[in-house]
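> Okay, handing you the structure first.
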Amino acid sequence: NLVHGKTRGNPFFVVQFLRSIVQNNMMWFSVKYRRWMWDCDSVDVQMISDGVAELLTTTFNRLSPTLMLTLKIVSCLGSQVEESTIDVLDSRNEVLSFDMKNELPRAIKEGIMEKAGPVYQFTHDIVQQTIYDLIPS
C-alpha cells in the first residue's frame, strides 16, 4: 500500500521508487529472515509522487560523466534513436574521447534506455525530458 500510494500505481515510478530506496539503504535483503526488509519511517517520508524528475536527477548524478554526456546528446535527438545515427555521430566525432555506442549498454543496464533491434529508446518520456533538462542553456 505504501509503494502504491507513493507511485499512484505507475509501474515506471514503482521501479524508480524501489531503486531509490534500495540505493539509499532504506530497503535491504535479510539473509536471516530470507526476505526484503525496509525502514517504514524512512520510506514513508521518501517523496516521489511530486518529485519524479528530482528523483531521476539524483539517480543520474551518480552515473559516470561519459554516460551522462552520451545520454544528454541522445536526448537531443528525441525519445528514440537509430543505432546507425549513433554510429555516424561516433565516426565524425572529434570532440569526445569515447564512443557513445559503448556507453549505451550501461544505460540499458541502469534501466534508462531499452534497445529494440537497431533502435535505442528511453524507457519513459519523463526520463528523456529530465536528461534533456540537465543540459545547460
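Identifiers in the C-alpha cells: chain A, B, ... in order shown; residue index from 1 per chain; ligand index from 1 in order shown.
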May I have the residues within 12 Å of A:His4 as JSON, numbers by chain, using only C-alpha atoms and disregarding those fewer than 6 positions away in the same chain?

{"A": [10, 11, 12, 13, 14, 15, 17, 18, 44, 48, 49]}

> Pull the strand (DSSP E or B) assignments for chain A out of DSSP run on the backbone, and list those residues as a list in words.

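Residues of chain A classed as strand (DSSP E or B): Met27, Trp28, Phe29, Ser30, Arg35, Trp36, Met37, Trp38, Gln80, Val81, Glu82, Met113, Glu114, Lys115, Ala116, Val119, Tyr120, Gln121 and Phe122 of chain A.
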
> Determine which residues of stretch 16-85 of chain A DSSP labels as alpha helix (DSSP H) from the backbone of this structure, then write them out as a PDB file with C-alpha atoms, in the first residue's frame.


```
ATOM      1  CA  GLN A  16      12.294   4.112  -9.803  1.00  0.00           C
ATOM      2  CA  PHE A  17      10.982   4.374  -6.251  1.00  0.00           C
ATOM      3  CA  LEU A  18      12.190   0.886  -5.304  1.00  0.00           C
ATOM      4  CA  ARG A  19      15.616   1.561  -6.844  1.00  0.00           C
ATOM      5  CA  SER A  20      15.818   4.785  -4.898  1.00  0.00           C
ATOM      6  CA  ILE A  21      15.040   3.250  -1.523  1.00  0.00           C
ATOM      7  CA  VAL A  22      17.496   0.391  -2.122  1.00  0.00           C
ATOM      8  CA  GLN A  23      20.251   2.817  -3.192  1.00  0.00           C
ATOM      9  CA  CYS A  40       8.975   2.134   7.070  1.00  0.00           C
ATOM     10  CA  ASP A  41       9.507   5.563   8.616  1.00  0.00           C
ATOM     11  CA  SER A  42      12.279   6.480   6.147  1.00  0.00           C
ATOM     12  CA  VAL A  43      10.391   5.069   3.193  1.00  0.00           C
ATOM     13  CA  ASP A  44       7.244   6.913   4.224  1.00  0.00           C
ATOM     14  CA  VAL A  45       8.983  10.289   4.055  1.00  0.00           C
ATOM     15  CA  VAL A  52       9.887  12.164 -10.045  1.00  0.00           C
ATOM     16  CA  ALA A  53      12.185  14.468 -12.028  1.00  0.00           C
ATOM     17  CA  GLU A  54      14.147  15.226  -8.864  1.00  0.00           C
ATOM     18  CA  LEU A  55      14.417  11.519  -8.063  1.00  0.00           C
ATOM     19  CA  LEU A  56      15.640  10.820 -11.587  1.00  0.00           C
ATOM     20  CA  THR A  57      18.130  13.680 -11.407  1.00  0.00           C
ATOM     21  CA  THR A  58      19.554  12.216  -8.204  1.00  0.00           C
ATOM     22  CA  THR A  59      19.859   8.854  -9.953  1.00  0.00           C
ATOM     23  CA  PHE A  60      21.532  10.449 -12.972  1.00  0.00           C
ATOM     24  CA  ASN A  61      24.041  12.319 -10.815  1.00  0.00           C
ATOM     25  CA  PRO A  65      30.317  11.609 -16.776  1.00  0.00           C
ATOM     26  CA  THR A  66      30.744   9.800 -20.120  1.00  0.00           C
ATOM     27  CA  LEU A  67      27.391   8.027 -19.769  1.00  0.00           C
ATOM     28  CA  MET A  68      25.663  11.275 -18.770  1.00  0.00           C
ATOM     29  CA  LEU A  69      27.161  13.133 -21.731  1.00  0.00           C
ATOM     30  CA  THR A  70      26.044  10.340 -24.042  1.00  0.00           C
ATOM     31  CA  LEU A  71      22.517  10.456 -22.610  1.00  0.00           C
ATOM     32  CA  LYS A  72      22.369  14.247 -22.957  1.00  0.00           C
ATOM     33  CA  ILE A  73      23.419  14.050 -26.612  1.00  0.00           C
ATOM     34  CA  VAL A  74      20.942  11.256 -27.345  1.00  0.00           C
ATOM     35  CA  SER A  75      18.163  13.149 -25.526  1.00  0.00           C
ATOM     36  CA  GLU A  83      21.907   2.717 -33.895  1.00  0.00           C
ATOM     37  CA  SER A  84      23.148   3.921 -37.303  1.00  0.00           C
ATOM     38  CA  THR A  85      22.760   7.538 -36.125  1.00  0.00           C
TER      39      THR A  85
END
```
